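K.L.:
I have a structure I would like to understand better, so I am pasting it below and will then ask my questions one at a time.
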Amino acid sequence: MSALDGTTAEIVAITGLGVLTALGESLSSLWDALIAGRSGIGPISSFNAADFICNQAALVVEPSPDNLGVSPRESRVMTLPPLILLQTGQTACLHSCLKETGFPSDRIAFFAAMGMIDPHYNDLKSAIFKSGVSFPPSETTTPKPSPTVDYQRFLGGAYQEIYPLWPLAMLNNVGFCLAANQLGITGENAVFSADADAGVMALAEAVESLRFQRADIALVGGAGEKLLPMHLARMQLLYELSPLGTCHPFALSRTGTVPGEGGAVLVLEPIRQAQARGVKPLAIITGWGFGGGLDRIDAQEQAMRTAMERAGCSTEDISLLMPHGDGTPHGDEDELTAVARVFKSRQAPLPIYATKASIGHLRAGAAIVDALVATLILQQRTLPPMTEPPDNTKGVVWKTAEAGGLPFEGLRVLINAQGRAGSCASFILERGG
Amino acid sequence: MNAASKNPPHPDRIRVVVTGYGMITPLGPNAEETFQRAARGESGIDYLTSFETENLPTRIGGQVQEPWLEGIKQSVNPLFGRLASRGMLLLVSAIQEAINQAHLTREDQRREMGVILGSHGENPDTQDILFYQRLAKGPGKWDLKQLCQAGGYDFLQFYRRKPDVGAALAASYLGAEGPNLSIVSACAASSQAIGEAYRLIREGRCRLALAGGCEASLRFSGFLGFSLIKAMAEKYNTPQTASRPFDRKRNGFVMSEGAGALILEDLAHAQSRGVPILGEILGYGDSADAYRITDTHPQGEGAILAMRMALNDSGISPDQVDYINAHGTSTTLNDITETKAVKAVFGERARDIPMSSNKSMLGHTIGAAGAIESILSLMGIQQGLILPTINYQFPDSKCDLDYVPNEARKQPHRIAISNSFGFGGQNSCVCLGRYDG
């Protein structure tokens, strides 16, 4: 039984989509690439990454602030994530025909997941040089010498080399506000940070905002970090990167993950309202769940079970699993174990599809982009292919597509998302019509 | 129909009450000491000792005294200690106080307890800057291995910077397995955390929650940012008189550190545990300015919307509000716009409602401010005392409300609102009330 078979009073639908990934900025370019099994992962061209163990990433073409109507002054503090939110937000609003309906700005809510923001070297370079920073040469580095900064020179004036509004760009919420300002949204709002699970937090808050009639429309977005050397260094230090530069989620051959840039915005509204204004409900959100604590297996299991309980469905009712599947040996091992625990009594093979092989790991953007891809799968009734067969050592029997896709008449998609700090989340989408 | 008038409260909805709170601020290691010193009009602002400030245009701030943190440092396990930022240690102090007051044990409804924190993680510091200096040797001159061996970049620092680690650590510390949200909205962060926790409970998504926030930005890089945008007070006779909200000679805010934590529960849950109920969250409103990233809306439209949404959500009229805990940052613009916004919401009655700013004594604790100020508002309701706005010497014709100047006022009151307006244009308002059964 579908959620649509019962009352529609509290059902929240997705009615607009906007996306930007390494596979393009249109729904058709993304979908065509996914069905063909193409990947957006390639050599890192934005800086010299030759000395990292992985020099591959899924990078986007950065949106132009001019094209998005951003003033030159504000564009100086508008980094890639807010540009992604703004561009995909504009696209999603158009897709949902919001302009034609004309909702008051204070009845539109906006929730988003934003990643961490790293200082960009060029923004600080001048101040650093003028401060006379010295770092002992590598030959004399045993053990752990203290690098020094001449504070007298820095505080004596070098710091003024930093663009005064630069600190704004370092605040997680400011990018979000920039996008909200441009989109003209004044309703309730929150920014969640900093990993994939934050996208599910944003999604859940958006649904509840609509269910409790605090808003008529809710935008929910997620934008990953801009790939900078520090971002890549962090991933290497945390043993996340694939030395082969490829990402094979849930595969026996998995070796690590590959960073990606990108994000998405979804327009959400009560299904009755969508029907009344003649907009197609693309998918409905029926359940979500969270799990915390230091044991990631328990946390993901709890999240999946809570999501299914909220959606009123069992493991047999799940038509497709879209795992977090970051392709790291330990991360996927934990998630596989959690999935195996939850689906151990399922009789039918479990269809599976993971996006990170094609668009990299989008961090805070991952869950919302996965929601968008799940919506496309439900609408197109086709399952895109996995790049490598999934690991079947945990006793789960999988069903996957080959290149070109597999006809898919399934109704429900279960999507997982994880944060580095151990927080896990799951949510369920159902075909909207 | 606008957002502020559409949503009348359901008479049978779940009521959300406060059963515990805690804080650590420049005025004290706990809520009671902070409140009592604030009631005496004392200032927690002084010259900074946490880093070298010579040559900076502002050299003052509100620091938490180190001895107050000694017990906390010794009580956390070594792994926690390595991962936790200073802000997180401050938060643990506030959490311990709150859970003790709420008589909460680790076994109490673990699955149904949420953790919602406003936290921004630790600022990137000198190590980060040095990391970049390493890059400055030219394209392709990476030496990551040497850099790591040299201690040039401590990856644990990454965890201390991550905004969601605070909520994850707090959940682990409490054994709380319910919703776990990390909110980043600058000065509105912990107020939004209270609001989101209130909604989670009211909407039946969890039965109790830890809500709050922390901030510890009195370090080189955190401080520098606000110095560069000229948001902090640069002209002052003494550190203690620098934060002067609504006073004509105000010229910026004073940055402080601290943490605040509240235990929120649905009423039935609190009653079933038989714990004292300290107050009630009556409603919550939040909005965005959608104006400019560097300025608040000149007419305070976002603030007006947030206050009206909170009142509407509470099901109370503007006539019923007895006290306004102002955002009151002591910046020229904020204090004027907030005054305008309050007049727009409360009309003629605005002049009759006492409105004070705790920041005059505490400074601005950024992500912790909303939680600390909500708690102080609740304590004021409990004790029938309205905290003052100190350093109010020179009236400003554009700020012409009753700011409770310089001395606390004994005045029984029942309902208060607490405003928080985040840099960038995110606004939050929490409506608090006395619990009368």
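Residue numbering restarts at 1 in every chain; chains get A, B, ... in the order shown in the structure tokens, and ligands count up from 1 in that same order.
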Please find the residues of chain A near chain B - the criterion being any atom within 7 Å, counting only C-alpha atoms - and write them as a CSV table (one decimal) with C-alpha atoms, in the first residue's frame.

P.N.:
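After the write, result_14.csv holds the following:
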chain,number,residue,atom,x,y,z
A,48,ASN,CA,48.3,21.0,-8.3
A,50,ALA,CA,50.2,15.7,-7.9
A,51,ASP,CA,51.6,14.8,-4.5
A,106,ASP,CA,7.4,34.7,4.6
A,107,ARG,CA,5.4,31.6,3.7
A,116,MET,CA,32.9,23.2,6.2
A,121,TYR,CA,45.2,30.5,0.4
A,138,SER,CA,62.0,19.7,6.5
A,141,THR,CA,61.8,18.8,11.6
A,143,PRO,CA,60.7,16.1,16.4
A,144,LYS,CA,57.7,18.4,15.9
A,145,PRO,CA,59.2,21.9,15.8
A,155,LEU,CA,48.9,42.5,14.3
A,156,GLY,CA,50.9,45.6,13.4
A,164,PRO,CA,37.5,42.9,5.4
A,165,LEU,CA,34.6,40.9,4.3
A,167,PRO,CA,35.6,36.6,7.6
A,172,ASN,CA,28.7,28.6,7.5
A,173,ASN,CA,25.4,30.5,7.7
A,174,VAL,CA,26.4,33.5,5.7
A,177,CYS,CA,21.8,33.8,3.8
A,178,LEU,CA,23.3,35.1,0.6
A,180,ALA,CA,18.2,33.1,0.7
A,181,ASN,CA,18.6,36.8,0.1
A,184,GLY,CA,13.8,36.4,-1.6
A,185,ILE,CA,12.9,33.9,1.1
A,186,THR,CA,12.0,35.3,4.5
A,187,GLY,CA,10.2,32.3,6.1
A,188,GLU,CA,11.6,30.0,8.7
A,189,ASN,CA,15.1,28.6,8.1
A,190,ALA,CA,18.0,26.8,9.4
A,191,VAL,CA,21.5,25.6,8.3
A,192,PHE,CA,22.7,22.2,9.3
A,193,SER,CA,26.3,21.2,9.1
A,194,ALA,CA,28.6,19.6,8.0
A,201,MET,CA,18.1,17.0,9.0
A,213,GLN,CA,1.6,24.7,8.3
A,214,ARG,CA,4.4,27.0,9.3
A,215,ALA,CA,5.1,27.4,5.6
A,234,ARG,CA,42.1,16.3,5.4
A,237,LEU,CA,44.9,12.3,6.7
A,290,PHE,CA,18.5,9.3,12.7
A,291,GLY,CA,21.0,7.4,14.7
A,292,GLY,CA,23.9,8.6,16.9
A,293,GLY,CA,26.5,7.4,19.2
A,294,LEU,CA,30.0,6.1,18.6
A,421,ALA,CA,31.3,12.2,13.6
A,423,SER,CA,25.8,10.4,13.0

K.L.:
Which residues are near Leu48 in chain B? Cut-off 8 Å, only C-alpha atoms, ignore same chain within fewer than 5 positions. Put them as a CSV table (one decimal) with N, CA and C atoms, in the first residue's frame.

P.N.:
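Below you can see result-v6.csv, which holds the result:
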chain,number,residue,atom,x,y,z
B,53,THR,N,47.1,40.6,22.0
B,53,THR,CA,46.2,41.5,21.2
B,53,THR,C,46.9,42.8,20.9
B,59,ARG,N,41.0,45.2,22.3
B,59,ARG,CA,41.9,44.3,23.1
B,59,ARG,C,41.1,43.7,24.3
B,60,ILE,N,39.8,43.7,24.2
B,60,ILE,CA,39.0,43.3,25.3
B,60,ILE,C,38.0,42.2,24.9
B,61,GLY,N,37.5,41.5,25.9
B,61,GLY,CA,36.5,40.5,25.7
B,61,GLY,C,36.0,39.9,27.0
B,62,GLY,N,35.1,39.0,26.9
B,62,GLY,CA,34.6,38.3,28.1
B,62,GLY,C,35.1,36.9,28.1
B,63,GLN,N,36.1,36.6,28.9
B,63,GLN,CA,36.7,35.3,29.0
B,63,GLN,C,36.1,34.5,30.2

K.L.:
Would you pick out the contacts of range 336-344 of chain B at 10 Å or less, using only C-alpha atoms, so that residues sharing its chain but fewer than 4 positions from it are not included, and give the list as a PyMOL selection string?

P.N.:
chain B and resi 245-246+296-308+324+326-332+348-351+353+355+396-401+419+421

K.L.:
The selected residues should be written to file as a compact mmCIF listing (two decimals), in the first residue's frame (atoms: C-alpha atoms).

P.N.:
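What follows is the written file result.txt:
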# COMPACT_ATOMS: atom_id res chain seq x y z
CA PRO B 245 23.56 48.55 24.28
CA PHE B 246 21.07 51.30 23.40
CA THR B 296 20.23 44.05 8.97
CA HIS B 297 17.04 45.20 7.34
CA PRO B 298 16.74 48.92 8.21
CA GLN B 299 13.14 48.54 9.37
CA GLY B 300 13.85 45.25 11.12
CA GLU B 301 11.41 43.32 8.98
CA GLY B 302 13.02 39.96 9.68
CA ALA B 303 13.02 40.66 13.41
CA ILE B 304 9.39 41.73 13.29
CA LEU B 305 8.43 38.56 11.50
CA ALA B 306 10.29 36.34 13.98
CA MET B 307 8.68 38.03 17.01
CA ARG B 308 5.20 37.86 15.49
CA ILE B 324 11.76 41.49 26.28
CA ALA B 326 16.84 42.04 23.69
CA HIS B 327 19.45 40.86 21.24
CA GLY B 328 20.97 44.28 22.10
CA THR B 329 24.48 43.88 20.76
CA SER B 330 25.66 47.44 21.35
CA THR B 331 26.27 48.01 17.66
CA THR B 332 24.88 51.25 16.27
CA GLU B 348 2.24 52.00 21.84
CA ARG B 349 2.75 49.37 24.50
CA ALA B 350 6.40 48.97 23.48
CA ARG B 351 7.35 51.85 25.80
CA ILE B 353 7.53 46.75 28.36
CA MET B 355 13.55 45.43 27.57
CA ASP B 396 19.79 57.92 22.20
CA SER B 397 16.75 59.56 20.66
CA LYS B 398 16.48 56.65 18.25
CA CYS B 399 16.47 54.14 21.09
CA ASP B 400 13.70 55.37 23.32
CA LEU B 401 12.25 52.37 25.12
CA ASN B 419 15.47 37.81 20.63
CA PHE B 421 19.48 37.94 15.28

K.L.:
Considering only C-alpha atoms, return as a PyMOL selection string whatever protein or nucleic-acid residues lie within 10 Å of Gly287 in chain A, sequence-local ones (same chain, fewer than 6 positions apart) excluded.

P.N.:
chain A and resi 204+207+304+306-313+414+426-430

K.L.:
Using CA of Leu34 in chain A and CA of Glu333 in chain A as the two end points, give the distance in Å to one decimal.

P.N.:
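Calculated distance between CA of Leu34 in chain A and CA of Glu333 in chain A is 24.4 Å.
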
K.L.:
Output as a PyMOL selection string all residues of range 212-398 of chain B that backbone DSSP marks as alpha helix (DSSP H).

P.N.:
chain B and resi 220-228+267-273+301-314+332-346+359-362+369-383

K.L.:
Mind checking which residues fall within 8 Å of Val279 in chain A, counting only C-alpha atoms, ignoring those fewer than 3 positions away in the same chain, and posting them as a PyMOL selection string?

P.N.:
chain A and resi 15+96-97+274-276

K.L.:
Give me, as a ChimeraX atom specification, all polymer residues having an atom no more than 6 Å from Glu257 in chain B, counting only C-alpha atoms and skipping those fewer than 5 positions away in the same chain.

P.N.:
/B:63,215-216,365

K.L.:
Which distance in Å separates CA of Ile386 in chain B and CA of Gly252 in chain B, to one decimal?

P.N.:
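Value for the CA of Ile386 in chain B-CA of Gly252 in chain B distance: 23.9 Å.
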
K.L.:
Name the residues in contact with Glu97 in chain B at a cut-off of 10 Å, using only C-alpha atoms, excluding same-chain residues fewer than 2 positions from it; report them as a PyMOL selection string.

P.N.:
chain B and resi 20-24+29-31+91-95+99-103+260-262

K.L.:
What would the file look like if the residues just selected were written as a CSV table (one decimal), in the first residue's frame with all heavy atoms?

P.N.:
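Listing of again-v5.csv after writing:
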chain,number,residue,atom,x,y,z
B,20,GLY,N,15.8,21.7,33.4
B,20,GLY,CA,17.1,21.9,33.8
B,20,GLY,C,17.8,22.9,32.9
B,20,GLY,O,17.5,23.1,31.8
B,21,TYR,N,18.7,23.6,33.5
B,21,TYR,CA,19.6,24.5,32.7
B,21,TYR,C,20.9,24.7,33.3
B,21,TYR,O,21.1,24.5,34.5
B,21,TYR,CB,18.9,25.9,32.5
B,21,TYR,CG,18.3,26.6,33.7
B,21,TYR,CD1,19.1,27.1,34.7
B,21,TYR,CD2,16.9,26.7,33.8
B,21,TYR,CE1,18.6,27.7,35.8
B,21,TYR,CE2,16.4,27.4,34.9
B,21,TYR,CZ,17.2,27.9,35.9
B,21,TYR,OH,16.7,28.5,37.0
B,22,GLY,N,21.9,25.1,32.5
B,22,GLY,CA,23.2,25.3,33.0
B,22,GLY,C,23.9,26.3,32.1
B,22,GLY,O,23.6,26.4,30.9
B,23,MET,N,24.9,26.9,32.6
B,23,MET,CA,25.7,27.8,31.8
B,23,MET,C,27.1,28.1,32.4
B,23,MET,O,27.3,27.9,33.6
B,23,MET,CB,25.0,29.2,31.6
B,23,MET,CG,24.9,30.0,32.8
B,23,MET,SD,24.2,31.7,32.5
B,23,MET,CE,22.5,31.3,32.1
B,24,ILE,N,28.0,28.5,31.6
B,24,ILE,CA,29.3,29.0,32.0
B,24,ILE,C,29.5,30.3,31.2
B,24,ILE,O,29.4,30.2,30.0
B,24,ILE,CB,30.4,27.9,31.9
B,24,ILE,CG1,31.7,28.5,32.5
B,24,ILE,CG2,30.6,27.5,30.5
B,24,ILE,CD1,32.7,27.3,32.8
B,29,PRO,N,30.7,30.4,36.7
B,29,PRO,CA,30.8,29.0,36.3
B,29,PRO,C,29.5,28.3,36.2
B,29,PRO,O,29.4,27.1,35.8
B,29,PRO,CB,31.7,28.4,37.3
B,29,PRO,CG,31.5,29.1,38.6
B,29,PRO,CD,31.2,30.5,38.1
B,30,ASN,N,28.4,29.0,36.6
B,30,ASN,CA,27.1,28.3,36.6
B,30,ASN,C,26.0,29.4,36.4
B,30,ASN,O,26.3,30.6,36.4
B,30,ASN,CB,26.9,27.5,37.9
B,30,ASN,CG,27.1,28.3,39.1
B,30,ASN,OD1,26.6,29.5,39.2
B,30,ASN,ND2,27.9,27.8,40.0
B,31,ALA,N,24.8,28.9,36.3
B,31,ALA,CA,23.7,29.8,36.0
B,31,ALA,C,23.4,30.8,37.2
B,31,ALA,O,23.2,32.0,37.0
B,31,ALA,CB,22.4,29.0,35.7
B,91,LEU,N,30.7,23.7,26.9
B,91,LEU,CA,29.4,23.2,26.8
B,91,LEU,C,29.2,22.0,27.8
B,91,LEU,O,28.1,21.9,28.4
B,91,LEU,CB,29.1,22.7,25.4
B,91,LEU,CG,27.7,22.2,25.1
B,91,LEU,CD1,26.7,23.4,25.2
B,91,LEU,CD2,27.6,21.6,23.7
B,92,VAL,N,30.2,21.2,27.9
B,92,VAL,CA,30.1,20.1,28.9
B,92,VAL,C,29.8,20.6,30.3
B,92,VAL,O,29.0,20.0,31.0
B,92,VAL,CB,31.3,19.2,28.9
B,92,VAL,CG1,31.4,18.2,30.0
B,92,VAL,CG2,31.4,18.4,27.5
B,93,SER,N,30.4,21.7,30.6
B,93,SER,CA,30.2,22.3,31.9
B,93,SER,C,28.7,22.7,32.1
B,93,SER,O,28.1,22.4,33.1
B,93,SER,CB,31.1,23.5,32.1
B,93,SER,OG,30.8,24.2,33.3
B,94,ALA,N,28.2,23.3,31.1
B,94,ALA,CA,26.8,23.7,31.1
B,94,ALA,C,25.9,22.5,31.1
B,94,ALA,O,24.8,22.5,31.8
B,94,ALA,CB,26.5,24.6,29.9
B,95,ILE,N,26.2,21.5,30.3
B,95,ILE,CA,25.4,20.3,30.3
B,95,ILE,C,25.3,19.6,31.6
B,95,ILE,O,24.3,19.2,32.1
B,95,ILE,CB,25.9,19.3,29.2
B,95,ILE,CG1,25.7,19.9,27.8
B,95,ILE,CG2,25.2,17.9,29.3
B,95,ILE,CD1,26.4,19.0,26.7
B,99,ILE,N,21.9,18.7,33.5
B,99,ILE,CA,21.3,17.4,33.7
B,99,ILE,C,21.3,17.1,35.2
B,99,ILE,O,20.4,16.4,35.7
B,99,ILE,CB,22.2,16.3,33.0
B,99,ILE,CG1,23.6,16.3,33.4
B,99,ILE,CG2,22.0,16.4,31.5
B,99,ILE,CD1,24.4,15.1,32.8
B,100,ASN,N,22.1,17.7,36.0
B,100,ASN,CA,22.0,17.6,37.5
B,100,ASN,C,20.7,18.2,38.0
B,100,ASN,O,20.0,17.6,38.8
B,100,ASN,CB,23.2,18.2,38.2
B,100,ASN,CG,24.5,17.4,38.0
B,100,ASN,OD1,24.4,16.2,37.7
B,100,ASN,ND2,25.6,18.0,38.2
B,101,GLN,N,20.5,19.4,37.4
B,101,GLN,CA,19.3,20.1,37.9
B,101,GLN,C,18.0,19.3,37.5
B,101,GLN,O,17.0,19.3,38.2
B,101,GLN,CB,19.2,21.5,37.3
B,101,GLN,CG,18.1,22.3,37.9
B,101,GLN,CD,18.2,23.8,37.4
B,101,GLN,OE1,18.6,24.0,36.3
B,101,GLN,NE2,17.8,24.7,38.2
B,102,ALA,N,18.1,18.7,36.3
B,102,ALA,CA,16.9,18.0,35.8
B,102,ALA,C,16.8,16.6,36.3
B,102,ALA,O,15.9,15.8,36.0
B,102,ALA,CB,17.0,17.9,34.2
B,103,HIS,N,17.8,16.2,37.2
B,103,HIS,CA,17.8,14.9,37.8
B,103,HIS,C,17.8,13.8,36.7
B,103,HIS,O,17.0,12.8,36.8
B,103,HIS,CB,16.7,14.7,38.8
B,103,HIS,CG,16.6,15.7,39.8
B,103,HIS,ND1,17.5,15.7,40.9
B,103,HIS,CD2,15.8,16.7,40.1
B,103,HIS,CE1,17.3,16.7,41.7
B,103,HIS,NE2,16.2,17.4,41.2
B,260,GLY,N,25.6,27.6,27.1
B,260,GLY,CA,24.3,27.5,27.8
B,260,GLY,C,23.6,26.2,27.3
B,260,GLY,O,23.7,25.8,26.1
B,261,ALA,N,23.0,25.5,28.2
B,261,ALA,CA,22.3,24.3,27.9
B,261,ALA,C,21.0,24.2,28.7
B,261,ALA,O,20.9,24.6,29.9
B,261,ALA,CB,23.2,23.1,28.2
B,262,LEU,N,20.0,23.7,28.0
B,262,LEU,CA,18.7,23.5,28.7
B,262,LEU,C,18.2,22.1,28.4
B,262,LEU,O,18.5,21.5,27.4
B,262,LEU,CB,17.6,24.4,28.1
B,262,LEU,CG,17.8,25.9,28.2
B,262,LEU,CD1,18.5,26.5,27.0
B,262,LEU,CD2,16.5,26.6,28.4

K.L.:
Using the chain letters and numbers from this document, which residues of range 12-254 of chain A does DSSP assign to strand (DSSP E or B), as a PyMOL selection string?

P.N.:
chain A and resi 12-21+24+42-43+56-58+108-114+134+148+189-192+217-223+241+251
